[in-house]
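Scroll down for the structure; my scribbles are underneath it.
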Amino acid sequence: MRFSVSVPATSANLGPGFDSVGVALALRMRAEVTPAKKFALEFEPGPNAPSHDGFESAIRRAMQRVDASLPRVNVRVANDIPLGKGLGSSAAALVLGLAIAARAHGRALSRNDLARLACELEGHPDNALPAVFGGIVVAASSDAGAHVRVRTNGHVRALVVVPDITLSTGESRALLPERYDRADVVFTAQRAALLGAALASGSWRELREAMRDRLHQPYRVSRIPGMEAALALDDRALIGSALSGAGPSLIALVRNASPKLASRLQQCFERAGVAAHTLSLGLSARGLLVSSNGKA
């Protein structure tokens, strides 16, 4: 039994869609699975190979959520998703592990079943659901059944600026206040509603305003030099921009590949003394892929 599995990177929130909105990106974590006498997990070397055991533990934990016994297979993972940068690498690892275990053990788990398990393990749906389903997903809770999948626009791309700093999800969440001003809650609720309506109707021109937020971004941005300037940047090619997940990366939705805008965004961080690099990515209509014939 040989098969391959791949899972896309994801960007959560898109501004006011806190813990509820996510988009799949054309950047993947892949695994080649082959028969073996006992279970083994290895990672191809590269800039996005894990540097600690947490990543391997996430894959194993997900596999053992399907079956307590690890299958007798060798899993070789090649990862293109930057780790710890707000691009859904942890969700991708969990979905990868679930899919490998389900296939290796012959479990007939549907995509909805895998989505439910991924949400349980991840704790929130904004990365887990687009990792499984692809496209853009709007969800009401960690219950995988309460979601709507929105088709992506083939003419829209994402510029993802990845600063060379570390900001864990735990640290990022700890920055958020216990209480909010009513005006900030109303401001964000209005734009969250507009975000969902704009995505569902394809009114992409409304995203510039719809991706503004006052519940989480202002508190997190203060810890990322250059982010405030990058979010304030205006450009004809720009549809809208936001902190990607908990950060520290920025996602800018653009109408076409725009090297000039990519350079301007990256320079916001560099002027603040932070090295950064930019990825120009399509939005992925496909989520989890499993294949017995070639690479997924």
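Identifiers for the structure tokens are assigned positionally: chains receive A, B, ... in sequence, residues are indexed from 1 per chain, and ligands are indexed from 1 in the order shown.
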
> Can you tell me, as a PyMOL selection string, what residues are no more than 8 Å from segment 210-222 of chain A when counting only C-alpha atoms, ignoring any on the same chain fewer than 2 positions away?
Replying inline: chain A and resi 14-16+18+172+175-176+180+184-185+187-188+191-192+194-195+198+206-208+224-225+227-228+240-243+246-247

Selected residues written out with C-alpha atoms, as a compact mmCIF listing (two decimals), in the first residue's frame:
# COMPACT_ATOMS: atom_id res chain seq x y z
CA LEU A 14 -8.99 37.85 7.08
CA GLY A 15 -9.36 40.68 9.59
CA PRO A 16 -12.65 40.61 11.53
CA PHE A 18 -11.67 36.01 14.16
CA SER A 172 -0.42 36.30 20.30
CA LEU A 175 -2.02 40.00 23.98
CA LEU A 176 -5.78 40.29 23.64
CA TYR A 180 -13.59 45.69 24.73
CA ASP A 184 -14.83 48.56 18.75
CA VAL A 185 -17.21 45.59 19.00
CA PHE A 187 -17.10 48.38 14.28
CA THR A 188 -15.79 44.82 13.98
CA ARG A 191 -17.12 44.49 9.02
CA ALA A 192 -17.39 40.79 9.86
CA LEU A 194 -19.67 42.71 5.35
CA LEU A 195 -16.76 40.27 4.97
CA ALA A 198 -18.65 40.16 0.16
CA GLU A 206 -15.75 45.63 -0.64
CA LEU A 207 -12.94 43.69 1.03
CA ARG A 208 -10.71 46.72 1.59
CA ILE A 224 5.30 43.07 14.89
CA PRO A 225 7.57 45.92 13.70
CA MET A 227 3.04 45.56 10.34
CA GLU A 228 1.09 48.75 11.08
CA GLY A 240 -7.51 44.07 1.10
CA SER A 241 -4.92 43.12 3.69
CA ALA A 242 -4.84 41.61 7.15
CA LEU A 243 -2.70 39.88 9.69
CA ALA A 246 -2.13 35.08 14.82
CA GLY A 247 0.81 36.50 12.86

>> Quick check for you: according to DSSP on this backbone, which residues of segment 45-287 of chain A are classed as strand (DSSP E)? Reply as a PyMOL selection string.
In response: chain A and resi 73-79+136-139+147-150+157-163+238-243+250-254+276-282

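In this model, the gap between atom CA of Val75 of chain A and atom CA of Val5 of chain A comes to 10.0 Å.
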
>> Using only C-alpha atoms, can you tell me which of A:Ser89, A:Ser20, A:Thr34, A:Ser168 comes closest to Leu129 of chain A?
In response: A:Ser20

Per-residue nearest contacts of segment 65-163 of chain A to segment 267-273 of chain A (10 Å; only C-alpha atoms) as JSON lines:
{"residue": "A:Val161", "atom": "CA", "partner": "A:Phe269", "partner_atom": "CA", "distance": 8.9}
{"residue": "A:Val162", "atom": "CA", "partner": "A:Phe269", "partner_atom": "CA", "distance": 9.4}
{"residue": "A:Pro163", "atom": "CA", "partner": "A:Phe269", "partner_atom": "CA", "distance": 7.0}

Next, the residues of the selection above should be written as a compact mmCIF listing (two decimals), in the first residue's frame with N, CA and C atoms.
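File out.txt, as written:
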# COMPACT_ATOMS: atom_id res chain seq x y z
N VAL A 161 3.57 38.23 3.15
CA VAL A 161 4.86 38.75 3.60
C VAL A 161 5.19 38.07 4.93
N VAL A 162 6.32 37.38 4.96
CA VAL A 162 6.71 36.59 6.12
C VAL A 162 7.90 37.26 6.81
N PRO A 163 7.68 37.96 7.92
CA PRO A 163 8.79 38.60 8.61
C PRO A 163 9.61 37.59 9.40

Residues near segment 279-293 of chain A, anyone? I mean within 8 Å using only C-alpha atoms, not counting same-chain ones fewer than 3 positions away, as an mmCIF file with C-alpha atoms, in the first residue's frame.
data_model
loop_
_atom_site.group_PDB
_atom_site.id
_atom_site.type_symbol
_atom_site.label_atom_id
_atom_site.label_comp_id
_atom_site.auth_asym_id
_atom_site.auth_seq_id
_atom_site.Cartn_x
_atom_site.Cartn_y
_atom_site.Cartn_z
ATOM 1 C CA ARG A 2 1.578 3.192 -1.238
ATOM 2 C CA PHE A 3 -0.141 6.538 -1.284
ATOM 3 C CA SER A 4 0.505 10.240 -0.980
ATOM 4 C CA VAL A 5 -1.257 12.959 0.970
ATOM 5 C CA SER A 6 -1.063 16.736 0.748
ATOM 6 C CA VAL A 7 -2.662 19.573 2.700
ATOM 7 C CA PRO A 8 -2.652 23.302 1.842
ATOM 8 C CA VAL A 23 -8.698 30.592 3.102
ATOM 9 C CA ALA A 24 -6.613 27.794 1.562
ATOM 10 C CA LEU A 25 -3.428 28.833 -0.222
ATOM 11 C CA ALA A 26 -1.479 27.179 -3.041
ATOM 12 C CA LEU A 27 1.366 26.040 -0.812
ATOM 13 C CA VAL A 95 -5.124 16.985 8.825
ATOM 14 C CA LEU A 96 -2.144 15.186 7.291
ATOM 15 C CA ALA A 99 -5.746 11.359 6.515
ATOM 16 C CA PRO A 130 -10.066 25.222 4.619
ATOM 17 C CA ALA A 131 -7.209 22.734 5.078
ATOM 18 C CA VAL A 132 -9.718 19.912 4.574
ATOM 19 C CA PHE A 133 -12.162 21.475 2.092
ATOM 20 C CA GLY A 134 -10.084 24.098 0.260
ATOM 21 C CA GLY A 135 -11.446 27.458 -0.871
ATOM 22 C CA ARG A 151 -15.518 29.421 -4.019
ATOM 23 C CA THR A 152 -12.317 31.300 -4.660
ATOM 24 C CA ASN A 153 -11.835 33.797 -7.466
ATOM 25 C CA GLY A 154 -9.247 32.593 -9.974
ATOM 26 C CA VAL A 156 -7.322 36.888 -7.044
ATOM 27 C CA ARG A 157 -3.932 36.059 -5.578
ATOM 28 C CA ALA A 158 -2.380 36.384 -2.152
ATOM 29 C CA LEU A 159 0.853 38.173 -1.368
ATOM 30 C CA VAL A 160 2.098 36.760 1.922
ATOM 31 C CA VAL A 161 4.863 38.747 3.601
ATOM 32 C CA VAL A 162 6.715 36.592 6.124
ATOM 33 C CA ALA A 257 0.597 39.237 -9.311
ATOM 34 C CA ALA A 296 -1.137 14.334 -4.208
#

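Near segment 54-60 of chain A, within 6 Å and counting only C-alpha atoms, sit His52, Ala62, Met63, Ala93, Leu94 and Gly97 of chain A, not including residues fewer than 2 positions from it in the same chain.
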
Restrict the selected residues to N, CA and C atoms and save them as a compact mmCIF listing (two decimals), in the first residue's frame.
# COMPACT_ATOMS: atom_id res chain seq x y z
N HIS A 52 11.87 21.15 16.02
CA HIS A 52 11.59 20.62 17.36
C HIS A 52 10.56 19.50 17.22
N ALA A 62 -2.67 13.21 15.86
CA ALA A 62 -3.79 13.12 14.94
C ALA A 62 -3.98 11.68 14.47
N MET A 63 -2.90 10.99 14.17
CA MET A 63 -3.01 9.60 13.71
C MET A 63 -3.63 8.73 14.80
N ALA A 93 -0.57 19.85 9.67
CA ALA A 93 0.02 18.65 10.26
C ALA A 93 -1.06 17.73 10.82
N LEU A 94 -2.06 18.30 11.48
CA LEU A 94 -3.14 17.49 12.04
C LEU A 94 -3.96 16.82 10.96
N GLY A 97 -1.98 14.00 9.41
CA GLY A 97 -1.97 12.80 10.26
C GLY A 97 -3.28 12.05 10.23

>> Please list as an MDAnalysis selection string every residue within 10 Å of Leu117 of chain A, counting only C-alpha atoms and excluding residues in the same chain fewer than 2 positions away.
In response: chainID A and resid 62 65:66 94:95 98 111:115 119:123 128 142:144

Write out the residues from the selection above, keeping C-alpha atoms, as a PDB file, in the first residue's frame.
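The result, stored in part_34.pdb:
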ATOM      1  CA  ALA A  62      -3.790  13.121  14.941  1.00  0.00           C
ATOM      2  CA  ARG A  65      -7.082  10.006  17.192  1.00  0.00           C
ATOM      3  CA  VAL A  66      -8.117   7.683  14.344  1.00  0.00           C
ATOM      4  CA  LEU A  94      -3.139  17.494  12.043  1.00  0.00           C
ATOM      5  CA  VAL A  95      -5.124  16.985   8.825  1.00  0.00           C
ATOM      6  CA  LEU A  98      -5.703  12.119  10.234  1.00  0.00           C
ATOM      7  CA  ARG A 111     -14.203  14.515   4.399  1.00  0.00           C
ATOM      8  CA  ASN A 112     -16.776  15.768   6.910  1.00  0.00           C
ATOM      9  CA  ASP A 113     -15.554  13.211   9.456  1.00  0.00           C
ATOM     10  CA  LEU A 114     -11.961  14.365   8.982  1.00  0.00           C
ATOM     11  CA  ALA A 115     -13.042  18.001   9.286  1.00  0.00           C
ATOM     12  CA  CYS A 119     -11.583  20.923  14.504  1.00  0.00           C
ATOM     13  CA  GLU A 120     -11.612  18.914  17.730  1.00  0.00           C
ATOM     14  CA  LEU A 121      -7.832  18.634  17.710  1.00  0.00           C
ATOM     15  CA  GLU A 122      -7.167  22.212  16.588  1.00  0.00           C
ATOM     16  CA  GLY A 123      -9.775  23.784  18.856  1.00  0.00           C
ATOM     17  CA  ALA A 128      -8.777  23.302   9.974  1.00  0.00           C
ATOM     18  CA  SER A 142     -15.548  24.406  16.184  1.00  0.00           C
ATOM     19  CA  ASP A 143     -18.471  22.222  15.070  1.00  0.00           C
ATOM     20  CA  ALA A 144     -17.433  21.314  11.531  1.00  0.00           C
TER      21      ALA A 144
END

>> So that I can check the secondary structure, give me every residue of segment 192-256 of chain A assigned helix (DSSP H, G or I) by backbone DSSP, as an MDAnalysis selection string.
In response: chainID A and resid 192:201 204:210 217:221 227:232

> Can you tell me, as a list in words, what residues are no more than 9 Å from Ile165 of chain A when counting only C-alpha atoms, ignoring any on the same chain fewer than 6 positions away?
Replying inline: Lys85, Ile224, Pro248, Val274, Ala275 and Ala276 of chain A

Could you write out that same residue set with C-alpha atoms as a PDB file, in the first residue's frame?
ATOM      1  CA  LYS A  85       4.210  32.183  10.781  1.00  0.00           C
ATOM      2  CA  ILE A 224       5.303  43.069  14.887  1.00  0.00           C
ATOM      3  CA  PRO A 248       3.484  37.451  12.335  1.00  0.00           C
ATOM      4  CA  VAL A 274      12.928  43.267  10.322  1.00  0.00           C
ATOM      5  CA  ALA A 275      14.058  41.033   7.463  1.00  0.00           C
ATOM      6  CA  ALA A 276      11.176  39.542   5.469  1.00  0.00           C
TER       7      ALA A 276
END

Which residues are near Gly22 of chain A? Cut-off 7 Å, only C-alpha atoms, ignore same chain within fewer than 3 positions. Put them as a PDB file with N, CA and C atoms, in the first residue's frame.
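result-v2.pdb, freshly written:
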ATOM      1  N   THR A  10      -3.002  27.613   5.073  1.00  0.00           N
ATOM      2  CA  THR A  10      -4.224  28.384   5.235  1.00  0.00           C
ATOM      3  C   THR A  10      -3.921  29.693   5.942  1.00  0.00           C
ATOM      4  N   SER A  11      -4.744  30.688   5.664  1.00  0.00           N
ATOM      5  CA  SER A  11      -4.652  31.973   6.359  1.00  0.00           C
ATOM      6  C   SER A  11      -5.984  32.229   7.040  1.00  0.00           C
ATOM      7  N   ALA A  12      -5.945  32.434   8.352  1.00  0.00           N
ATOM      8  CA  ALA A  12      -7.167  32.580   9.134  1.00  0.00           C
ATOM      9  C   ALA A  12      -7.506  34.035   9.404  1.00  0.00           C
ATOM     10  N   ASN A  13      -8.778  34.266   9.647  1.00  0.00           N
ATOM     11  CA  ASN A  13      -9.375  35.521  10.115  1.00  0.00           C
ATOM     12  C   ASN A  13      -9.722  36.500   8.995  1.00  0.00           C
ATOM     13  N   LEU A  14      -8.777  36.818   8.100  1.00  0.00           N
ATOM     14  CA  LEU A  14      -8.990  37.852   7.082  1.00  0.00           C
ATOM     15  C   LEU A  14      -9.516  39.139   7.725  1.00  0.00           C
ATOM     16  N   ASP A 126     -10.973  27.870  11.868  1.00  0.00           N
ATOM     17  CA  ASP A 126     -10.577  28.800  10.804  1.00  0.00           C
ATOM     18  C   ASP A 126      -9.446  28.297   9.931  1.00  0.00           C
ATOM     19  N   ASN A 127      -8.530  27.505  10.475  1.00  0.00           N
ATOM     20  CA  ASN A 127      -7.493  26.867   9.655  1.00  0.00           C
ATOM     21  C   ASN A 127      -7.879  25.443   9.268  1.00  0.00           C
ATOM     22  N   PRO A 130     -10.609  25.041   5.969  1.00  0.00           N
ATOM     23  CA  PRO A 130     -10.066  25.222   4.619  1.00  0.00           C
ATOM     24  C   PRO A 130      -8.942  24.240   4.304  1.00  0.00           C
ATOM     25  N   ILE A 136     -12.478  29.119   0.504  1.00  0.00           N
ATOM     26  CA  ILE A 136     -12.677  29.982   1.665  1.00  0.00           C
ATOM     27  C   ILE A 136     -13.810  29.391   2.487  1.00  0.00           C
ATOM     28  N   VAL A 137     -13.605  29.290   3.795  1.00  0.00           N
ATOM     29  CA  VAL A 137     -14.616  28.704   4.662  1.00  0.00           C
ATOM     30  C   VAL A 137     -14.974  29.698   5.757  1.00  0.00           C
ATOM     31  N   VAL A 138     -16.273  29.870   5.971  1.00  0.00           N
ATOM     32  CA  VAL A 138     -16.791  30.689   7.071  1.00  0.00           C
ATOM     33  C   VAL A 138     -17.506  29.741   8.027  1.00  0.00           C
TER      34      VAL A 138
END

> At what distance in Å, to one decimal, does atom CA of Arg72 of chain A lie from atom CA of Phe39 of chain A?
Replying inline: 4.6 Å
